[in-house]
Amino acid sequence: IILGSMEKKDILVALEKGIKQVQKGGEKAEPVKKWLADMCDAKKGTIELLIKRMAGEWDKTKKPEDITRFITLFKQLQDYIPEVANTQLFSNSLFCLILSSYVEESPIEKLTGEELVLLSYFAEEKKLKHGKSMKLIEKLFICLEHLTSPVVFMALVSLIISVSFEIGPKYQENFVIKLCGEHPNARYIEETLIQLINKPKPGQIIKYLQFAIDAFQSSFTKEKFFYINDIHVLLETLIRDVDGAKEKELRLKYIELIKQIVLYLSLIHI
């Protein structure tokens with residue numbers, strides 16, 4: 001392979017060159033992808049080493065431009081060799097800590113969206129140990145109006161919902177729900193939540209349903225989070241899908257949300 005001996009090359013540079021080769025396609029793409037998988041095998045510790053290097057750069061400079069290169073590489077490894085990269089990336093608490101700190105402290109214009117997508121994977125796997133600060137969530141709410149990529153936008157909303165799910169239903173302590181009742185950008189979450197419940201990502205539907213239940217039960221959001229027309233659309237979706245919910249826990253979530261909606265509509269006489 002054209003990348004040469006790893007003993008003579010910087011691992012970060014070599015992996016970047018390998019990814020560029022894969023992106024070009026052609027007959028060399030598959031052999032280079034196999035090389036990437038081999039170099040990033042967990043037994044070699046390459047990904048862990050790069051995460052530590054990334055942490056060192058961030059601690060030393062706190063400059064987003066010094067970290068973006070690592071984030072881009074990790075996102076590309078996740079895209080091209082997920083079977084090798086995902087477990088190592090999303091079980092690494094240091095990586096989660098750096099991503100959270102990076103998003104929290106960097107100017108919005110410096111964020112590429114890749115860091116938000118990576119954080120969303122931590123949340124989906126219920127391993128977001130360092131992404132539940134009020135400051136970070138407020139930053140994510142602000143980001144909602146600046147995103148142009150639909151993929152990143154959906155990942156960000158899913159991330160916010162996942163954080164709320166991990167905090168739990170103690171409404172006085174759930175600052176995500178509170179922000180949904182106060183922040184002007186909460187409308188983006190409401191609109192996207194309807195879409196996510198209509199076409200949920202595998203394994204995430206319980207989080208979406210619970211978020212909607214919490215929004216109807218919390219005094220912060222009960223009367224101002226959902227638009228009336230969206231409530232009717234949501235109710236139709238729930239009635240359509242409840243019979244297909246085979247697992248008891250999931251079926252009970254559907255029924256609970258339907259109950260909350262019917263109760264709310266009866267109270268406002270619509």
# chains A, B, ... in the order shown; residues from 1 in each chain; ligands from 1
>>> residues_around(residues="Leu49 in chain A", least_positions_apart="4", cutoff="12 Å", atoms="only C-alpha atoms", output="list in words")
Asp10, Ile11, Leu12, Met39, Cys40, Asp41, Ala42, Lys43, Lys44, Gly45, Arg53, Met54, Ala55, Gly56, Phe70, Gln88, Leu89, Asn92, Leu94 and Phe95 of chain A
>>> residues_around(residues="range 179-186 of chain A", least_positions_apart="4", cutoff="8 Å", atoms="only C-alpha atoms", output="PyMOL selection string")
chain A and resi 138+141-142+144-145+175+190+220-221+224-225
>>> atom_distance(atom1="CA of Asn174 in chain A", atom2="CA of Ala245 in chain A")
27.5 Å
>>> closest_residue(among="A:Val22, A:Cys143, A:Met134, A:Leu159", to="Leu119 in chain A", atoms="only C-alpha atoms")
A:Leu159
>>> atom_distance(atom1="CA of Tyr80 in chain A", atom2="CA of Glu124 in chain A")
19.7 Å
>>> closest_residue(among="A:Leu196, A:Ile167, A:Ala14, A:Ile51", to="Cys96 in chain A", atoms="only C-alpha atoms")
A:Ile51
>>> residues_around(residues="Gly113 in chain A", least_positions_apart="2", cutoff="8 Å", atoms="only C-alpha atoms", output="list in words")
Leu111, Glu115, Leu116, Val117, Leu147 and Val152 of chain A
>>> select_by_dssp(residues="range 95-185 of chain A", states="alpha helix (DSSP H)", output="PyMOL selection string")
chain A and resi 95-105+114-124+134-143+150-167+175-182
>>> atom_distance(atom1="CA of Val13 in chain A", atom2="CA of Asp66 in chain A")
14.1 Å
>>> closest_residue(among="A:Glu30, A:Gly168, A:Ser158, A:Lys110", to="Ile189 in chain A", atoms="only C-alpha atoms")
A:Ser158
>>> closest_residue(among="A:Ser162, A:Asn229, A:Thr237, A:Asn86", to="Gln195 in chain A", atoms="only C-alpha atoms")
A:Thr237
>>> residues_around(residues="Glu105 in chain A", least_positions_apart="5", cutoff="12 Å", atoms="only C-alpha atoms", output="MDAnalysis selection string")
chainID A and resid 58 62:64 98:100 110:111 135:140
>>> residues_around(residues="Ile19 in chain A", least_positions_apart="2", cutoff="9 Å", atoms="only C-alpha atoms", output="PyMOL selection string")
chain A and resi 14-17+21-24+29+32-33+36+73+76-77+80
